Structures are given as structure tokens and as C-alpha cells.
>>> print(open('final.pdb').read())   # PDB, C-alpha atoms, pLDDT in the B column
ATOM      1  CA  GLY Z   1      37.785-211.247 -75.105  1.00 50.00           C
ATOM      2  CA  TRP Z   2      35.560-214.056 -76.282  1.00 48.00           C
ATOM      3  CA  THR Z   3      33.347-211.769 -78.384  1.00 54.00           C
ATOM      4  CA  MET Z   4      36.261-210.291 -80.307  1.00 51.00           C
ATOM      5  CA  SER Z   5      37.734-213.738 -80.960  1.00 56.00           C
ATOM      6  CA  VAL Z   6      34.420-214.846 -82.464  1.00 56.00           C
ATOM      7  CA  LEU Z   7      34.223-211.760 -84.669  1.00 55.00           C
ATOM      8  CA  GLY Z   8      37.831-212.206 -85.710  1.00 57.00           C
ATOM      9  CA  ALA Z   9      37.235-215.807 -86.755  1.00 55.00           C
ATOM     10  CA  PHE Z  10      34.709-214.739 -89.387  1.00 55.00           C
ATOM     11  CA  PHE Z  11      35.308-211.063 -90.109  1.00 56.00           C
ATOM     12  CA  GLY Z  12      38.998-210.516 -89.355  1.00 55.00           C
ATOM     13  CA  ASN Z  13      39.758-207.549 -87.141  1.00 53.00           C
ATOM     14  CA  THR Z  14      37.722-205.018 -89.131  1.00 52.00           C
ATOM     15  CA  GLN Z  15      34.236-205.718 -87.736  1.00 55.00           C
ATOM     16  CA  MET Z  16      33.239-202.559 -85.859  1.00 60.00           C
ATOM     17  CA  ALA Z  17      29.566-202.049 -86.746  1.00 78.00           C
ATOM     18  CA  LEU Z  18      26.675-204.037 -85.312  1.00 90.00           C
ATOM     19  CA  LEU Z  19      26.230-207.469 -86.856  1.00 95.00           C
ATOM     20  CA  SER Z  20      23.832-207.308 -89.776  1.00 96.00           C
ATOM     21  CA  GLN Z  21      21.744-210.170 -91.122  1.00 96.00           C
ATOM     22  CA  LEU Z  22      24.081-210.231 -94.112  1.00 96.00           C
ATOM     23  CA  ASP Z  23      27.095-210.584 -91.788  1.00 96.00           C
ATOM     24  CA  VAL Z  24      25.520-213.528 -90.021  1.00 96.00           C
ATOM     25  CA  VAL Z  25      24.328-215.257 -93.193  1.00 96.00           C
ATOM     26  CA  ASN Z  26      27.827-214.963 -94.637  1.00 95.00           C
ATOM     27  CA  ALA Z  27      29.286-216.368 -91.411  1.00 94.00           C
ATOM     28  CA  MET Z  28      26.855-219.279 -91.722  1.00 94.00           C
ATOM     29  CA  LEU Z  29      27.904-219.838 -95.328  1.00 94.00           C
ATOM     30  CA  ALA Z  30      31.573-219.635 -94.346  1.00 91.00           C
ATOM     31  CA  SER Z  31      30.964-222.334 -91.739  1.00 89.00           C
ATOM     32  CA  ILE Z  32      30.336-224.815 -94.586  1.00 89.00           C
ATOM     33  CA  GLY Z  33      32.948-223.421 -96.951  1.00 88.00           C
ATOM     34  CA  VAL Z  34      30.621-221.405 -99.189  1.00 91.00           C
ATOM     35  CA  ALA Z  35      31.659-218.013-100.570  1.00 92.00           C
ATOM     36  CA  PRO Z  36      29.943-214.916 -99.168  1.00 93.00           C
ATOM     37  CA  VAL Z  37      27.143-213.099-100.963  1.00 94.00           C
ATOM     38  CA  SER Z  38      26.805-209.334-101.397  1.00 93.00           C
ATOM     39  CA  SER Z  39      23.078-209.230-100.688  1.00 93.00           C
ATOM     40  CA  ILE Z  40      20.506-211.496 -99.056  1.00 92.00           C
ATOM     41  CA  GLU Z  41      17.722-209.759-100.996  1.00 89.00           C
ATOM     42  CA  THR Z  42      19.040-210.511-104.485  1.00 87.00           C
ATOM     43  CA  SER Z  43      20.944-213.759-103.971  1.00 79.00           C
ATOM     44  CA  VAL Z  44      19.438-216.768-105.751  1.00 78.00           C
ATOM     45  CA  SER Z  45      21.703-219.244-103.964  1.00 88.00           C
ATOM     46  CA  ARG Z  46      19.881-222.136-102.320  1.00 90.00           C
ATOM     47  CA  ASP Z  47      22.483-222.143 -99.537  1.00 92.00           C
ATOM     48  CA  THR Z  48      21.726-218.478 -98.845  1.00 94.00           C
ATOM     49  CA  ALA Z  49      17.981-219.102 -98.701  1.00 93.00           C
ATOM     50  CA  VAL Z  50      18.443-222.037 -96.323  1.00 93.00           C
ATOM     51  CA  ALA Z  51      20.804-220.001 -94.133  1.00 95.00           C
ATOM     52  CA  LEU Z  52      18.380-217.069 -93.943  1.00 95.00           C
ATOM     53  CA  ASP Z  53      15.450-219.342 -93.094  1.00 95.00           C
ATOM     54  CA  SER Z  54      17.540-221.020 -90.410  1.00 96.00           C
ATOM     55  CA  LEU Z  55      18.599-217.664 -88.970  1.00 97.00           C
ATOM     56  CA  ASP Z  56      14.998-216.425 -88.844  1.00 97.00           C
ATOM     57  CA  ARG Z  57      13.912-219.620 -87.099  1.00 96.00           C
ATOM     58  CA  VAL Z  58      16.691-219.481 -84.510  1.00 97.00           C
ATOM     59  CA  SER Z  59      16.147-215.759 -83.893  1.00 98.00           C
ATOM     60  CA  ARG Z  60      12.448-216.261 -83.237  1.00 96.00           C
ATOM     61  CA  ALA Z  61      13.054-219.260 -80.966  1.00 96.00           C
ATOM     62  CA  VAL Z  62      15.642-217.370 -78.927  1.00 97.00           C
ATOM     63  CA  GLN Z  63      13.451-214.285 -78.604  1.00 96.00           C
ATOM     64  CA  MET Z  64      10.470-216.318 -77.461  1.00 93.00           C
ATOM     65  CA  GLU Z  65      12.377-217.109 -74.273  1.00 93.00           C
ATOM     66  CA  GLY Z  66      11.319-213.632 -73.145  1.00 90.00           C
ATOM     67  CA  TRP Z  67      14.429-211.463 -72.947  1.00 94.00           C
ATOM     68  CA  GLU Z  68      14.144-207.945 -71.581  1.00 93.00           C
ATOM     69  CA  PHE Z  69      14.841-206.304 -74.946  1.00 95.00           C
ATOM     70  CA  GLY Z  70      11.527-207.645 -76.203  1.00 96.00           C
ATOM     71  CA  VAL Z  71       9.374-206.580 -73.244  1.00 94.00           C
ATOM     72  CA  VAL Z  72       7.326-203.395 -72.976  1.00 94.00           C
ATOM     73  CA  ARG Z  73       5.916-203.058 -69.462  1.00 91.00           C
ATOM     74  CA  GLU Z  74       2.774-201.470 -68.064  1.00 93.00           C
ATOM     75  CA  VAL Z  75       0.851-201.068 -71.302  1.00 95.00           C
ATOM     76  CA  THR Z  76      -2.864-200.284 -71.190  1.00 96.00           C
ATOM     77  CA  PRO Z  77      -4.266-201.551 -74.509  1.00 96.00           C
ATOM     78  CA  THR Z  78      -7.007-199.802 -76.455  1.00 95.00           C
ATOM     79  CA  PRO Z  79     -10.003-201.929 -77.527  1.00 96.00           C
ATOM     80  CA  ASP Z  80     -11.631-201.482 -80.909  1.00 97.00           C
ATOM     81  CA  VAL Z  81     -15.261-200.351 -81.283  1.00 95.00           C
ATOM     82  CA  ASP Z  82     -16.429-203.875 -80.417  1.00 96.00           C
ATOM     83  CA  GLY Z  83     -14.372-203.996 -77.230  1.00 97.00           C
ATOM     84  CA  LYS Z  84     -11.819-206.422 -78.647  1.00 98.00           C
ATOM     85  CA  ILE Z  85      -8.074-206.065 -78.146  1.00 98.00           C
ATOM     86  CA  THR Z  86      -5.829-207.384 -80.898  1.00 97.00           C
ATOM     87  CA  PHE Z  87      -2.086-207.254 -81.484  1.00 97.00           C
ATOM     88  CA  GLY Z  88       0.251-207.472 -84.449  1.00 94.00           C
ATOM     89  CA  GLY Z  89       1.906-210.696 -85.495  1.00 92.00           C
ATOM     90  CA  ASN Z  90       5.140-209.742 -83.735  1.00 94.00           C
ATOM     91  CA  VAL Z  91       3.494-210.003 -80.286  1.00 96.00           C
ATOM     92  CA  TYR Z  92       3.732-213.458 -78.799  1.00 91.00           C
ATOM     93  CA  GLN Z  93       2.906-212.792 -75.144  1.00 94.00           C
ATOM     94  CA  ALA Z  94       0.719-210.362 -73.223  1.00 95.00           C
ATOM     95  CA  VAL Z  95       0.410-210.941 -69.484  1.00 94.00           C
ATOM     96  CA  LEU Z  96      -1.081-209.086 -66.545  1.00 95.00           C
ATOM     97  CA  ASN Z  97       1.443-206.900 -64.733  1.00 93.00           C
ATOM     98  CA  LYS Z  98       1.072-208.026 -61.127  1.00 88.00           C
ATOM     99  CA  ASP Z  99       3.084-205.102 -59.746  1.00 87.00           C
ATOM    100  CA  VAL Z 100       0.436-202.558 -60.746  1.00 88.00           C
ATOM    101  CA  SER Z 101      -2.139-201.918 -58.059  1.00 84.00           C
ATOM    102  CA  GLY Z 102      -5.849-201.750 -58.802  1.00 90.00           C
ATOM    103  CA  GLN Z 103      -5.857-204.268 -61.635  1.00 93.00           C
ATOM    104  CA  PRO Z 104      -9.362-205.347 -62.761  1.00 94.00           C
ATOM    105  CA  ASP Z 105     -10.682-208.826 -61.983  1.00 94.00           C
ATOM    106  CA  VAL Z 106      -9.653-210.333 -65.309  1.00 95.00           C
ATOM    107  CA  GLN Z 107      -7.312-213.071 -66.504  1.00 95.00           C
ATOM    108  CA  PRO Z 108      -5.968-211.926 -69.894  1.00 96.00           C
ATOM    109  CA  VAL Z 109      -4.398-214.518 -72.157  1.00 96.00           C
ATOM    110  CA  LEU Z 110      -3.392-214.220 -75.802  1.00 96.00           C
ATOM    111  CA  HIS Z 111      -5.437-216.346 -78.229  1.00 96.00           C
ATOM    112  CA  GLY Z 112      -3.755-215.929 -81.570  1.00 95.00           C
ATOM    113  CA  SER Z 113      -3.647-212.161 -82.027  1.00 96.00           C
ATOM    114  CA  ALA Z 114      -6.631-211.440 -79.754  1.00 97.00           C
ATOM    115  CA  LEU Z 115      -6.707-210.932 -75.990  1.00 98.00           C
ATOM    116  CA  PHE Z 116      -9.107-213.242 -74.168  1.00 98.00           C
ATOM    117  CA  ASP Z 117     -10.398-212.795 -70.620  1.00 97.00           C
ATOM    118  CA  ASN Z 118     -10.214-216.306 -69.199  1.00 96.00           C
ATOM    119  CA  LYS Z 119     -11.939-215.241 -65.972  1.00 96.00           C
ATOM    120  CA  ASN Z 120     -15.087-213.929 -67.647  1.00 96.00           C
ATOM    121  CA  LYS Z 121     -14.802-216.072 -70.792  1.00 97.00           C
ATOM    122  CA  THR Z 122     -14.962-213.210 -73.255  1.00 98.00           C
ATOM    123  CA  TYR Z 123     -12.938-211.299 -75.823  1.00 98.00           C
ATOM    124  CA  VAL Z 124     -14.719-208.064 -74.900  1.00 97.00           C
ATOM    125  CA  PHE Z 125     -13.078-205.503 -72.621  1.00 97.00           C
ATOM    126  CA  TYR Z 126     -14.526-202.232 -71.342  1.00 94.00           C
ATOM    127  CA  SER Z 127     -12.915-199.020 -70.136  1.00 91.00           C
ATOM    128  CA  SER Z 128     -13.760-200.141 -66.599  1.00 90.00           C
ATOM    129  CA  ASN Z 129     -11.816-203.414 -66.795  1.00 93.00           C
ATOM    130  CA  LEU Z 130      -8.835-202.714 -69.023  1.00 96.00           C
ATOM    131  CA  PRO Z 131      -5.805-204.632 -67.757  1.00 96.00           C
ATOM    132  CA  VAL Z 132      -2.294-203.191 -67.559  1.00 96.00           C
ATOM    133  CA  LEU Z 133      -0.086-205.605 -69.466  1.00 97.00           C
ATOM    134  CA  ASP Z 134       3.510-206.566 -70.014  1.00 95.00           C
ATOM    135  CA  ILE Z 135       3.835-207.241 -73.739  1.00 96.00           C
ATOM    136  CA  THR Z 136       6.645-209.257 -75.297  1.00 95.00           C
ATOM    137  CA  TYR Z 137       7.572-208.724 -78.927  1.00 96.00           C
ATOM    138  CA  VAL Z 138       9.625-210.671 -81.445  1.00 96.00           C
ATOM    139  CA  ARG Z 139      11.941-207.943 -82.695  1.00 96.00           C
ATOM    140  CA  GLU Z 140      13.250-207.322 -86.181  1.00 96.00           C
ATOM    141  CA  TRP Z 141      16.971-208.011 -86.548  1.00 97.00           C
ATOM    142  CA  ASP Z 142      17.924-204.328 -86.568  1.00 96.00           C
ATOM    143  CA  GLU Z 143      16.136-203.847 -83.230  1.00 96.00           C
ATOM    144  CA  LEU Z 144      18.183-206.494 -81.411  1.00 97.00           C
ATOM    145  CA  PRO Z 145      21.051-205.568 -79.073  1.00 96.00           C
ATOM    146  CA  GLU Z 146      24.472-206.778 -80.191  1.00 96.00           C
ATOM    147  CA  VAL Z 147      24.778-209.314 -77.383  1.00 96.00           C
ATOM    148  CA  ALA Z 148      21.575-211.006 -78.608  1.00 97.00           C
ATOM    149  CA  ARG Z 149      22.808-210.946 -82.210  1.00 97.00           C
ATOM    150  CA  MET Z 150      26.035-212.673 -81.123  1.00 96.00           C
ATOM    151  CA  TYR Z 151      24.178-215.474 -79.325  1.00 97.00           C
ATOM    152  CA  ILE Z 152      21.761-215.956 -82.207  1.00 98.00           C
ATOM    153  CA  MET Z 153      24.670-216.038 -84.676  1.00 96.00           C
ATOM    154  CA  VAL Z 154      26.591-218.721 -82.775  1.00 96.00           C
ATOM    155  CA  LYS Z 155      23.473-220.829 -82.286  1.00 96.00           C
ATOM    156  CA  ALA Z 156      22.417-220.407 -85.926  1.00 96.00           C
ATOM    157  CA  ILE Z 157      25.867-221.357 -87.240  1.00 95.00           C
ATOM    158  CA  ARG Z 158      25.923-224.494 -85.109  1.00 92.00           C
ATOM    159  CA  GLU Z 159      22.480-225.603 -86.238  1.00 91.00           C
ATOM    160  CA  PHE Z 160      23.074-224.685 -89.871  1.00 92.00           C
ATOM    161  CA  SER Z 161      26.417-226.479 -90.199  1.00 87.00           C
ATOM    162  CA  ASP Z 162      24.981-229.533 -88.414  1.00 83.00           C
ATOM    163  CA  ASN Z 163      21.926-229.707 -90.662  1.00 81.00           C
ATOM    164  CA  VAL Z 164      23.469-229.079 -94.098  1.00 76.00           C
ATOM    165  CA  SER Z 165      24.398-232.489 -95.440  1.00 59.00           C
ATOM    166  CA  GLY Z 166      27.387-233.217 -97.633  1.00 60.00           C
ATOM    167  CA  ARG Z 167      29.392-230.179 -96.499  1.00 63.00           C
ATOM    168  CA  VAL Z 168      32.491-230.088 -94.329  1.00 60.00           C
ATOM    169  CA  ALA Z 169      32.294-227.513 -91.560  1.00 59.00           C
ATOM    170  CA  THR Z 170      35.265-225.134 -91.737  1.00 61.00           C
ATOM    171  CA  HIS Z 171      34.385-222.848 -88.815  1.00 60.00           C
ATOM    172  CA  GLN Z 172      32.644-225.031 -86.255  1.00 70.00           C
ATOM    173  CA  PHE Z 173      31.536-223.571 -82.960  1.00 84.00           C
ATOM    174  CA  LYS Z 174      31.382-225.905 -79.991  1.00 88.00           C
ATOM    175  CA  GLN Z 175      28.695-226.156 -77.353  1.00 89.00           C
ATOM    176  CA  ALA Z 176      30.998-224.227 -75.019  1.00 93.00           C
ATOM    177  CA  ASP Z 177      30.940-221.278 -77.449  1.00 93.00           C
ATOM    178  CA  GLU Z 178      27.166-221.286 -77.518  1.00 94.00           C
ATOM    179  CA  ASP Z 179      27.052-221.508 -73.716  1.00 95.00           C
ATOM    180  CA  MET Z 180      29.445-218.557 -73.437  1.00 95.00           C
ATOM    181  CA  ALA Z 181      27.382-216.449 -75.828  1.00 95.00           C
ATOM    182  CA  ARG Z 182      24.244-217.278 -73.878  1.00 96.00           C
ATOM    183  CA  SER Z 183      25.863-216.452 -70.536  1.00 96.00           C
ATOM    184  CA  GLU Z 184      26.840-213.010 -71.859  1.00 96.00           C
ATOM    185  CA  LEU Z 185      23.242-212.415 -72.945  1.00 96.00           C
ATOM    186  CA  VAL Z 186      21.966-213.553 -69.543  1.00 95.00           C
ATOM    187  CA  ARG Z 187      24.301-211.124 -67.753  1.00 94.00           C
ATOM    188  CA  TRP Z 188      23.205-208.295 -70.042  1.00 94.00           C
ATOM    189  CA  ASP Z 189      19.548-209.193 -69.543  1.00 94.00           C
ATOM    190  CA  ASP Z 190      19.827-209.322 -65.738  1.00 92.00           C
ATOM    191  CA  LYS Z 191      21.467-205.894 -65.653  1.00 91.00           C
ATOM    192  CA  VAL Z 192      18.937-204.260 -67.986  1.00 90.00           C
ATOM    193  CA  ARG Z 193      15.967-205.938 -66.265  1.00 84.00           C
ATOM    194  CA  ASP Z 194      17.132-204.694 -62.870  1.00 80.00           C
ATOM    195  CA  THR Z 195      17.607-201.160 -64.215  1.00 75.00           C
ATOM    196  CA  ASN Z 196      14.212-201.125 -65.922  1.00 67.00           C
ATOM    197  CA  LEU Z 197      12.333-202.432 -62.894  1.00 67.00           C
ATOM    198  CA  ARG Z 198      14.052-199.954 -60.598  1.00 62.00           C
ATOM    199  CA  GLY Z 199      13.039-197.187 -62.990  1.00 52.00           C
ATOM    200  CA  LEU Z 200       9.410-198.305 -63.006  1.00 51.00           C
ATOM    201  CA  GLU Z 201       9.349-198.446 -59.213  1.00 55.00           C
ATOM    202  CA  TYR Z 202      10.766-194.913 -59.079  1.00 42.00           C
ATOM    203  CA  TRP Z 203       8.028-193.571 -61.338  1.00 46.00           C
ATOM    204  CA  ARG Z 204       5.361-195.383 -59.327  1.00 47.00           C
ATOM    205  CA  PHE Z 205       6.751-193.682 -56.214  1.00 44.00           C
ATOM    206  CA  LEU Z 206       6.583-190.291 -57.936  1.00 44.00           C
ATOM    207  CA  ASN Z 207       2.973-190.941 -58.901  1.00 50.00           C
ATOM    208  CA  ARG Z 208       2.075-191.957 -55.353  1.00 46.00           C
ATOM    209  CA  SER Z 209       3.803-188.878 -53.912  1.00 48.00           C
ATOM    210  CA  GLY Z 210       2.168-186.470 -56.331  1.00 54.00           C
ATOM    211  CA  GLY Z 211       5.223-186.040 -58.522  1.00 53.00           C
ATOM    212  CA  SER Z 212       7.687-185.090 -55.817  1.00 45.00           C
ATOM    213  CA  ILE Z 213      10.501-187.124 -54.309  1.00 40.00           C
ATOM    214  CA  TYR Z 214      10.626-184.927 -51.181  1.00 39.00           C
TER     215      TYR Z 214
END
>>> encode(input="final.pdb", output="C-alpha cells")
Amino acid sequence: GWTMSVLGAFFGNTQMALLSQLDVVNAMLASIGVAPVSSIETSVSRDTAVALDSLDRVSRAVQMEGWEFGVVREVTPTPDVDGKITFGGNVYQAVLNKDVSGQPDVQPVLHGSALFDNKNKTYVFYSSNLPVLDITYVREWDELPEVARMYIMVKAIREFSDNVSGRVATHQFKQADEDMARSELVRWDDKVRDTNLRGLEYWRFLNRSGGSIY
């Protein structure tokens, strides 16, 4: 299929493991005719550094579209001793889950790393008004599903080879390739989202029925 043809173009027919960052960086380098590196941690090549920066930028931009692999649903956050709720730097969105009944009268919105209640104009939350949130994370590379890695790779190669001046692209993806990679991710995301939401609805039903489906 399309995925195997893409892998074959850069890795031959031996690529069986999940795409690593090193795999993708080397594919990016190959796209401009540069030899592969054995490590992205120890390489001093400027091309490698530029490729890695480009990959990180594309990965973050793609993930910030809000794919299901980055979402953790129905999370009740824990405030600190001052009533403030803060998140790590890998959280870029925290929104009220509207499917949960009995939500408090708050309008949570993320201000930097802190949760702000836009309804009551405060950063302070109490045990009586803690919202149940859907939180979206920017994942580390090793946490990404393969279908997301493929899309990010194709998009990163296209941007990298377009932006590196004075180099002739030797493996150039077309817009159609990027569209195909995205469509595969969309199909995966729709299937997983549907499964996850059905699972949440099932557990809500169990809770409403006292833990029994009969």
C-alpha cells in the first residue's frame, strides 16, 4: 500500500519497527542528498540540527490540531494549597467536558500553564467547583502512534526540502502524498475517537446503574 511504498523509498524493504526520530531525520537528510547520521544526540552536523528542529516544529504543529492520541478525557484536576491548578509544559489545551453531568458553574480556560475560571474571574478553584476536563497533550515522539509519525514525517520532509537552500531534493514528496498521509491519520483518529467515546458512555451507564448492566 501507500505506507509501505513510502517506507520503501527511504528505508528499503527492511523497515519493520516503528519510525524513530533518527529514522525520520535521516529521511529528511536523504531528501536533500545528505548522508545519514548514526545518532541525533551526538551529531554536530548543521543539517542534522536544522532537520531535528524542523521535525520538532512540525510535530508540535500537527499535534496541536487535537488528535485523539493526545487527549485524556474526564480528568478532575487537583489544586495546590492555594487553590490553583497548573499543568506541565506539554499541555496545550484543557476544556470543560460537556458530556459530564453536574459540572460546576465555571468556564475554565488555560492561561499559560495555569487554569483560569473566566466565569468568576479567578485562578482559584475549590473542592466544590472542580471542573471535569478534557486535557490535550503534546506527546513525545515515542508516544505517537505510527500513523501520526508517518504524516509528520511526510510533512516534515516536504517543509525541510523546500526550506533548505542550495540543495537539490532527491526524494521529494508531493502534496498528494501529504494529503494521503493525513487522510490515513484522520481515518485512524475517527475510529479511535468513536471507540473511546463509546467506552466512556458505557462506563457512565455502569455508574448510573450501580455497576450492573442488567
>>> atom_distance(input="final.pdb", atom1="CA of Gln172 in chain Z", atom2="CA of Leu55 in chain Z")
16.1 Å
>>> resolve_selection(input="final.pdb", expression="the PyMOL selection byres ((chain Z and resi 132) around 8)", output="list in words")
Glu74, Val75, Thr76, Pro77, Leu96, Asn97, Val100, Gln103, Leu130, Pro131, Leu133 and Asp134 of chain Z
>>> resolve_selection(input="final.pdb", expression="the PyMOL selection byres ((chain Z and resi 108-125) around 8)", output="list in words")
Pro79, Asp82, Gly83, Lys84, Ile85, Thr86, Phe87, Gly88, Gly89, Val91, Tyr92, Gln93, Ala94, Val95, Leu96, Asp105, Val106, Gln107, Tyr126, Ser127, Asn129, Leu130 and Pro131 of chain Z
>>> residues_around(input="final.pdb", residues="Ala51 in chain Z", least_positions_apart="3", cutoff="12 Å", atoms="only C-alpha atoms", output="PyMOL selection string")
chain Z and resi 21-32+34+36-37+40+43+45-48+54-58+153+156-164
>>> closest_residue(input="final.pdb", among="Z:Arg60, Z:Lys98, Z:Lys155, Z:Lys174", to="Arg139 in chain Z", atoms="all atoms listed in the file")
Z:Arg60
>>> axis_aligned_box(input="final.pdb", around="range 146-159 of chain Z", padding_each_side="4 Å", output="AutoDock Vina command-line options")
--center_x 24.1 --center_y -216.2 --center_z -82.3 --size_x 13.0 --size_y 26.8 --size_z 17.9
>>> atom_distance(input="final.pdb", atom1="CA of Phe69 in chain Z", atom2="CA of Leu19 in chain Z")
16.5 Å
>>> resolve_selection(input="final.pdb", expression="the PyMOL selection byres ((chain Z and resi 147) around 10)", output="count of residues only")
21
>>> residues_around(input="final.pdb", residues="Val71 in chain Z", least_positions_apart="2", cutoff="6 Å", atoms="only C-alpha atoms", output="list of chain:residue names")
Z:Glu68, Z:Phe69, Z:Ile135, Z:Thr136
>>> write_last_selection(input="final.pdb", atoms="C-alpha atoms", output="PDB file, in the coordinates of the input")
ATOM      1  CA  GLU Z  68      14.144-207.945 -71.581  1.00 93.00           C
ATOM      2  CA  PHE Z  69      14.841-206.304 -74.946  1.00 95.00           C
ATOM      3  CA  ILE Z 135       3.835-207.241 -73.739  1.00 96.00           C
ATOM      4  CA  THR Z 136       6.645-209.257 -75.297  1.00 95.00           C
TER       5      THR Z 136
END
>>> atom_distance(input="final.pdb", atom1="CA of Trp141 in chain Z", atom2="CA of Ser20 in chain Z")
7.6 Å
